[in-house]
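Novice: Quick one: structure below, then a few questions.
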Amino acid sequence: MSNAKLTLDGTDHEFPLVEGSEGEVGIDIAKLRGTTGAVALDPGYGNTGSCQSAITFIDGENGVLRYRGYPIEQLAEQVTFEEVINLLVWGELPDEARLKELRATLAEYAVLDEGIKKVLEGFPKTAHPMAMLSSLMTALGTFYPDGDTEEEILRVIAGTSTLAAYIYRYKQGLDYVEPSKDLDFASNFLHMMYGTPGEEPDVDETIAKAIDKLLILHADHEQNCSASTTRMVGSAMASLYASISAGVGALSGPLHGGANQKVLEMLQAIQDDGGDLEKYVGLAKDKSSDFRLMGFGHRVYKNFDPRAKILGASADDVLTALGKDDPLLDIARKLEKVALEDEFFVKRRLYPNVDFYSGIIYRALEIPTEMFTVMFALGRASGWIAQWQEMRNDPAFRIHRPRQIYIGENERDVPPISER
Ligand code: ACO
């Protein structure tokens with residue numbers, strides 16, 4: 001491959017090209033400012049590769065998603081969430097001995113300092129679980145100031161599930177259920193959510209499997225808003241806890257992970273309003289309204305979101321296995337059909353994303369709507385950690401510090417207050 005040429009004010013400059021293992025091409029502009037004095041302007045970063053990464057590959061045109069080379073479809077069907085954690089964070093799928101060890105270690109690290117409950121109980125019960133989770137993640141670090149990175153990683157992954165369950169039980173006014181040493185990740189989480197304090201775990205296998213699959217599908221998604229946030233904060237050499245807490249904050253937004261809660265609220269609103277789909281599709285198309293079809297569209301996927309495809313299919317299976325019938329699933333299916341046939345959505349290549357069907361499944365599993373984005377964070381913590389580690393170990397590591405093009409006032413003198 002030859003270099004990229006840029007002509008600026010009549011002068012030619014050359015920049016090297018970088019090719020990824022899947023043929024993606026990048027123009028390496030690391031020396032752009034030094035050699036030309038100009039910076040690249042890319043609001044929203046839609047054209048900017050912020051790093052070279054070996055974790056997750058997405059081909060948005062063809063609906064491809066792979067973790068370290070393995071297709072998401074195979075991972076969702078053939079392995080467990082702990083295997084995916086090992087793949088993302090430690091680089092490979094584990095063998096049986098490593099899997100056993102990881103399961104036991106995660107169960108051990110799920111036991112948290114008692115003091116964290118006092119921090120939790122300082123929050124009003126009405127607070128949003130994501131706000132609680134973000135704060136508790138930073139607080140968690142204060143109880144373990146001396147851990148090495150490996151311990152911190154294990155505590156963040158395992159601790160997220162304990163924190164999520166504690167938050168749920170606190171909000172519901174229920175006594176906490178402590179983690180079991182004998183359960184896999186998904187079952188342990190369900191035990192802490194719905195078990196009876198002091199009693200042996202009794203977890204429904206169908207529900208545990210459905211949760212496990214959801215965790216796998218949400219585990220990583222390359223340089224999305226929350227992963228980039230986690231990297232950004234970590235690049236200042238902030239702690240893992242502080243970096244993950246920031247990632248949780250980014251994920252909570254309705255344009256990102258918070259969309260799963262909004263999807264369900266939207267489907268409910270459509271049902272309560274008599275199920276008039278055309279009206280809501282019309283609103284989404286109306287530029288004078290700020291209504292968007294939540295769960296539709298994606299910055300990268302312009303064909304389909306493979307996670308939505310898997311979840312759309314498994315929504316039926318889960319509902320059937322649990323003997324449930326959800327009218328909101330019917331509304332979701334009809335809405336998908338109406339939108340996919342509408343020129344506005346076709347032209348803009350807007351398809352259902354991962355959040356469109358996940359809410360229906362969480363609802364069938366009796367996870368409260370407010371907890372949906374916490375479920376997303378539970379899966380995504382392992383991806384954030386993998387991204388954070390890769391950033392810290394990158395030989396090109398520098399603090400993340402973008403530039404800007406200043407468009408404000410030129411220099412002026414401060415007037416006396418009587419003249420302002
Ligand atoms: N409903 C209606 N119109 C939409 C939608 C939607 N859900 N999404 C995009 N559009 C329209 C925009 O109005 C815009 O139209 P225009 O070209 O006529 O101005 C066009 O499609 C492009 O949209 P952008 O906002 O520029 O796309 P961007 O890549 O910036 O945003 C995003 C992607 C944030 C996901 C957007 O599609 C959206 O808001 N979707 C709804 C929220 C959602 O589901 N978020 C979850 C994303 S997945 C995840 O984070 C896990």
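To be explicit about the labels: the chains of the structure tokens are called A, B, and onward in the order shown, and within each one the residues are counted from 1, while ligands get numbers from 1 in the order they are shown.
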Per residue of chain A within 7 Å of ligand 1, record the nearest atom pair and its distance in Å to one decimal, counting only C-alpha atoms and all ligand atoms, with rows in chain order and ascending residue number, as JSON lines.
Specialist:
```
{"residue": "A:Pro254", "atom": "CA", "partner": "ligand 1", "partner_atom_place_in_ligand_line": "42 (C)", "distance": 6.3}
{"residue": "A:Leu255", "atom": "CA", "partner": "ligand 1", "partner_atom_place_in_ligand_line": "45 (N)", "distance": 4.1}
{"residue": "A:His256", "atom": "CA", "partner": "ligand 1", "partner_atom_place_in_ligand_line": "50 (O)", "distance": 3.4}
{"residue": "A:Gly257", "atom": "CA", "partner": "ligand 1", "partner_atom_place_in_ligand_line": "51 (C)", "distance": 4.9}
{"residue": "A:Ala259", "atom": "CA", "partner": "ligand 1", "partner_atom_place_in_ligand_line": "45 (N)", "distance": 4.9}
{"residue": "A:Ala284", "atom": "CA", "partner": "ligand 1", "partner_atom_place_in_ligand_line": "2 (C)", "distance": 4.6}
{"residue": "A:Lys285", "atom": "CA", "partner": "ligand 1", "partner_atom_place_in_ligand_line": "2 (C)", "distance": 5.8}
{"residue": "A:Arg292", "atom": "CA", "partner": "ligand 1", "partner_atom_place_in_ligand_line": "1 (N)", "distance": 3.7}
{"residue": "A:Leu293", "atom": "CA", "partner": "ligand 1", "partner_atom_place_in_ligand_line": "1 (N)", "distance": 4.0}
{"residue": "A:Met294", "atom": "CA", "partner": "ligand 1", "partner_atom_place_in_ligand_line": "41 (C)", "distance": 4.3}
{"residue": "A:Gly295", "atom": "CA", "partner": "ligand 1", "partner_atom_place_in_ligand_line": "44 (O)", "distance": 3.3}
{"residue": "A:Phe296", "atom": "CA", "partner": "ligand 1", "partner_atom_place_in_ligand_line": "7 (N)", "distance": 4.2}
{"residue": "A:Gly297", "atom": "CA", "partner": "ligand 1", "partner_atom_place_in_ligand_line": "37 (O)", "distance": 3.5}
{"residue": "A:His298", "atom": "CA", "partner": "ligand 1", "partner_atom_place_in_ligand_line": "35 (C)", "distance": 3.9}
{"residue": "A:Arg299", "atom": "CA", "partner": "ligand 1", "partner_atom_place_in_ligand_line": "29 (O)", "distance": 3.4}
{"residue": "A:Arg348", "atom": "CA", "partner": "ligand 1", "partner_atom_place_in_ligand_line": "21 (O)", "distance": 5.4}
{"residue": "A:Leu350", "atom": "CA", "partner": "ligand 1", "partner_atom_place_in_ligand_line": "8 (N)", "distance": 6.3}
{"residue": "A:Asn353", "atom": "CA", "partner": "ligand 1", "partner_atom_place_in_ligand_line": "48 (S)", "distance": 5.5}
{"residue": "A:Val354", "atom": "CA", "partner": "ligand 1", "partner_atom_place_in_ligand_line": "51 (C)", "distance": 6.0}
{"residue": "A:Asp355", "atom": "CA", "partner": "ligand 1", "partner_atom_place_in_ligand_line": "51 (C)", "distance": 6.1}
```
Novice: Using only C-alpha atoms, tabulate the residues of segment 82-125 of chain A lying at most 9 Å from any atom of segment 199-223 of chain A, each with its closest atom pair and that distance in Å to one decimal, by chain and increasing residue number, as CSV.
Specialist:
```
residue,atom,partner,partner_atom,distance
A:Glu82,CA,A:Ile216,CA,8.8
A:Val84,CA,A:Ile216,CA,6.6
A:Ile85,CA,A:Ala219,CA,7.9
A:Leu88,CA,A:Asp220,CA,8.1
```
Novice: Give me the residues within 8 Å of segment 52-66 of chain A as a ChimeraX atom specification, counting only C-alpha atoms and dropping any in the same chain fewer than 2 places off.
Specialist: /A:49-50,68-72,88,220-222,300-306,386-387,390
Novice: Do a neighbour search on segment 11-15 of chain A at 7 Å with only C-alpha atoms, toss out local chain neighbours closer than 3 positions, and write the hits as a list in words.
Specialist: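 Surrounding residues, per the criterion: Asn3, Ala4, Lys5, Leu6, Thr7, Leu8, Ile27, Asp28 and Ile29 of chain A.
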Novice: Could those selected residues go to a file with N, CA and C atoms, as a CSV table (one decimal), in the first residue's frame?
Specialist:
```
chain,number,residue,atom,x,y,z
A,3,ASN,N,1.4,5.5,0.5
A,3,ASN,CA,1.0,6.4,1.6
A,3,ASN,C,-0.2,7.2,1.2
A,4,ALA,N,-0.8,7.9,2.2
A,4,ALA,CA,-1.9,8.9,1.8
A,4,ALA,C,-1.3,10.3,1.7
A,5,LYS,N,-1.7,11.0,0.6
A,5,LYS,CA,-1.2,12.3,0.4
A,5,LYS,C,-2.2,13.4,0.7
A,6,LEU,N,-1.7,14.4,1.4
A,6,LEU,CA,-2.6,15.5,1.7
A,6,LEU,C,-1.9,16.8,1.2
A,7,THR,N,-2.7,17.6,0.5
A,7,THR,CA,-2.1,18.9,0.0
A,7,THR,C,-2.7,20.0,0.9
A,8,LEU,N,-1.9,20.7,1.5
A,8,LEU,CA,-2.4,21.8,2.4
A,8,LEU,C,-1.7,23.1,2.0
A,27,ILE,N,-5.4,5.9,8.1
A,27,ILE,CA,-4.3,6.8,7.7
A,27,ILE,C,-3.7,7.2,9.1
A,28,ASP,N,-2.4,7.0,9.2
A,28,ASP,CA,-1.8,7.3,10.5
A,28,ASP,C,-1.4,8.8,10.5
A,29,ILE,N,-2.2,9.5,11.2
A,29,ILE,CA,-1.9,11.0,11.2
A,29,ILE,C,-1.3,11.4,12.6
```
Novice: Need the shell around Gly195 of chain A: protein/DNA/RNA residues with any atom at most 12 Å away, counting only C-alpha atoms. Skip same-chain ones fewer than 4 positions apart. Format as an mmCIF file with N, CA, C and O atoms, in the first residue's frame?
Specialist:
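Final file, part-v4.cif:
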```cif
data_model
loop_
_atom_site.group_PDB
_atom_site.id
_atom_site.type_symbol
_atom_site.label_atom_id
_atom_site.label_comp_id
_atom_site.auth_asym_id
_atom_site.auth_seq_id
_atom_site.Cartn_x
_atom_site.Cartn_y
_atom_site.Cartn_z
ATOM 1 N N ALA A 165 -26.983 -6.969 42.377
ATOM 2 C CA ALA A 165 -27.996 -7.665 43.177
ATOM 3 C C ALA A 165 -28.293 -6.917 44.475
ATOM 4 O O ALA A 165 -29.460 -6.784 44.872
ATOM 5 N N TYR A 166 -27.257 -6.381 45.114
ATOM 6 C CA TYR A 166 -27.483 -5.592 46.334
ATOM 7 C C TYR A 166 -28.378 -4.394 46.025
ATOM 8 O O TYR A 166 -29.273 -4.068 46.787
ATOM 9 N N ARG A 169 -31.968 -5.474 45.663
ATOM 10 C CA ARG A 169 -32.616 -5.885 46.918
ATOM 11 C C ARG A 169 -32.821 -4.678 47.840
ATOM 12 O O ARG A 169 -33.835 -4.580 48.524
ATOM 13 N N LEU A 174 -35.525 -5.634 50.462
ATOM 14 C CA LEU A 174 -35.305 -7.041 50.815
ATOM 15 C C LEU A 174 -33.934 -7.228 51.463
ATOM 16 O O LEU A 174 -33.004 -6.481 51.154
ATOM 17 N N ASP A 175 -33.808 -8.232 52.317
ATOM 18 C CA ASP A 175 -32.494 -8.540 52.907
ATOM 19 C C ASP A 175 -31.553 -9.030 51.801
ATOM 20 O O ASP A 175 -31.981 -9.646 50.830
ATOM 21 N N TYR A 176 -30.260 -8.778 51.984
ATOM 22 C CA TYR A 176 -29.274 -9.182 50.970
ATOM 23 C C TYR A 176 -29.083 -10.698 50.992
ATOM 24 O O TYR A 176 -29.208 -11.344 52.018
ATOM 25 N N VAL A 177 -28.758 -11.239 49.818
ATOM 26 C CA VAL A 177 -28.384 -12.660 49.721
ATOM 27 C C VAL A 177 -26.916 -12.694 49.321
ATOM 28 O O VAL A 177 -26.531 -12.078 48.321
ATOM 29 N N GLU A 178 -26.103 -13.365 50.100
ATOM 30 C CA GLU A 178 -24.665 -13.381 49.838
ATOM 31 C C GLU A 178 -24.332 -14.364 48.707
ATOM 32 O O GLU A 178 -25.070 -15.339 48.497
ATOM 33 N N PRO A 179 -23.220 -14.115 47.999
ATOM 34 C CA PRO A 179 -22.863 -15.030 46.899
ATOM 35 C C PRO A 179 -22.545 -16.432 47.398
ATOM 36 O O PRO A 179 -22.124 -16.602 48.547
ATOM 37 N N SER A 180 -22.788 -17.421 46.526
ATOM 38 C CA SER A 180 -22.457 -18.809 46.868
ATOM 39 C C SER A 180 -21.089 -19.138 46.271
ATOM 40 O O SER A 180 -20.707 -18.585 45.245
ATOM 41 N N SER A 187 -25.711 -17.976 37.475
ATOM 42 C CA SER A 187 -26.545 -18.563 38.533
ATOM 43 C C SER A 187 -26.307 -17.845 39.858
ATOM 44 O O SER A 187 -27.250 -17.613 40.625
ATOM 45 N N ASN A 188 -25.052 -17.494 40.116
ATOM 46 C CA ASN A 188 -24.741 -16.792 41.363
ATOM 47 C C ASN A 188 -25.447 -15.434 41.397
ATOM 48 O O ASN A 188 -25.981 -15.018 42.425
ATOM 49 N N PHE A 189 -25.443 -14.773 40.253
ATOM 50 C CA PHE A 189 -26.121 -13.482 40.172
ATOM 51 C C PHE A 189 -27.612 -13.657 40.475
ATOM 52 O O PHE A 189 -28.202 -12.918 41.275
ATOM 53 N N LEU A 190 -28.228 -14.667 39.851
ATOM 54 C CA LEU A 190 -29.661 -14.890 40.066
ATOM 55 C C LEU A 190 -29.941 -15.280 41.512
ATOM 56 O O LEU A 190 -30.949 -14.874 42.098
ATOM 57 N N HIS A 191 -29.034 -16.072 42.092
ATOM 58 C CA HIS A 191 -29.178 -16.457 43.501
ATOM 59 C C HIS A 191 -29.164 -15.207 44.395
ATOM 60 O O HIS A 191 -30.010 -15.050 45.276
ATOM 61 N N GLU A 199 -30.576 -19.487 52.808
ATOM 62 C CA GLU A 199 -31.015 -20.779 52.240
ATOM 63 C C GLU A 199 -30.127 -21.210 51.076
ATOM 64 O O GLU A 199 -29.461 -20.396 50.449
ATOM 65 N N GLU A 200 -30.157 -22.506 50.791
ATOM 66 C CA GLU A 200 -29.368 -23.056 49.670
ATOM 67 C C GLU A 200 -29.850 -22.449 48.346
ATOM 68 O O GLU A 200 -31.050 -22.208 48.180
ATOM 69 N N PRO A 201 -28.943 -22.236 47.401
ATOM 70 C CA PRO A 201 -29.374 -21.700 46.099
ATOM 71 C C PRO A 201 -30.366 -22.625 45.398
ATOM 72 O O PRO A 201 -30.247 -23.844 45.499
ATOM 73 N N ASP A 202 -31.334 -22.010 44.735
ATOM 74 C CA ASP A 202 -32.311 -22.777 43.968
ATOM 75 C C ASP A 202 -32.584 -21.963 42.691
ATOM 76 O O ASP A 202 -33.509 -21.166 42.636
ATOM 77 N N VAL A 203 -31.712 -22.150 41.704
ATOM 78 C CA VAL A 203 -31.762 -21.287 40.513
ATOM 79 C C VAL A 203 -32.336 -22.052 39.323
ATOM 80 O O VAL A 203 -31.939 -23.190 39.058
ATOM 81 N N ASP A 204 -33.271 -21.436 38.613
ATOM 82 C CA ASP A 204 -33.878 -22.039 37.420
ATOM 83 C C ASP A 204 -32.845 -22.061 36.278
ATOM 84 O O ASP A 204 -32.306 -21.020 35.886
#
```
Novice: Mind checking which residues fall within 8 Å of Met371 of chain A, counting only C-alpha atoms, ignoring those fewer than 5 positions away in the same chain, and posting them as a ChimeraX atom specification?
Specialist: /A:129-130,168,261
Novice: Would you mind telling me which residue in A:Phe81, A:Val318, A:Ala107, A:Val263 lies nearest to Phe291 of chain A when using only C-alpha atoms?
Specialist: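 Looking only at the distances to Phe291 of chain A, the closest residue turns out to be A:Val263.
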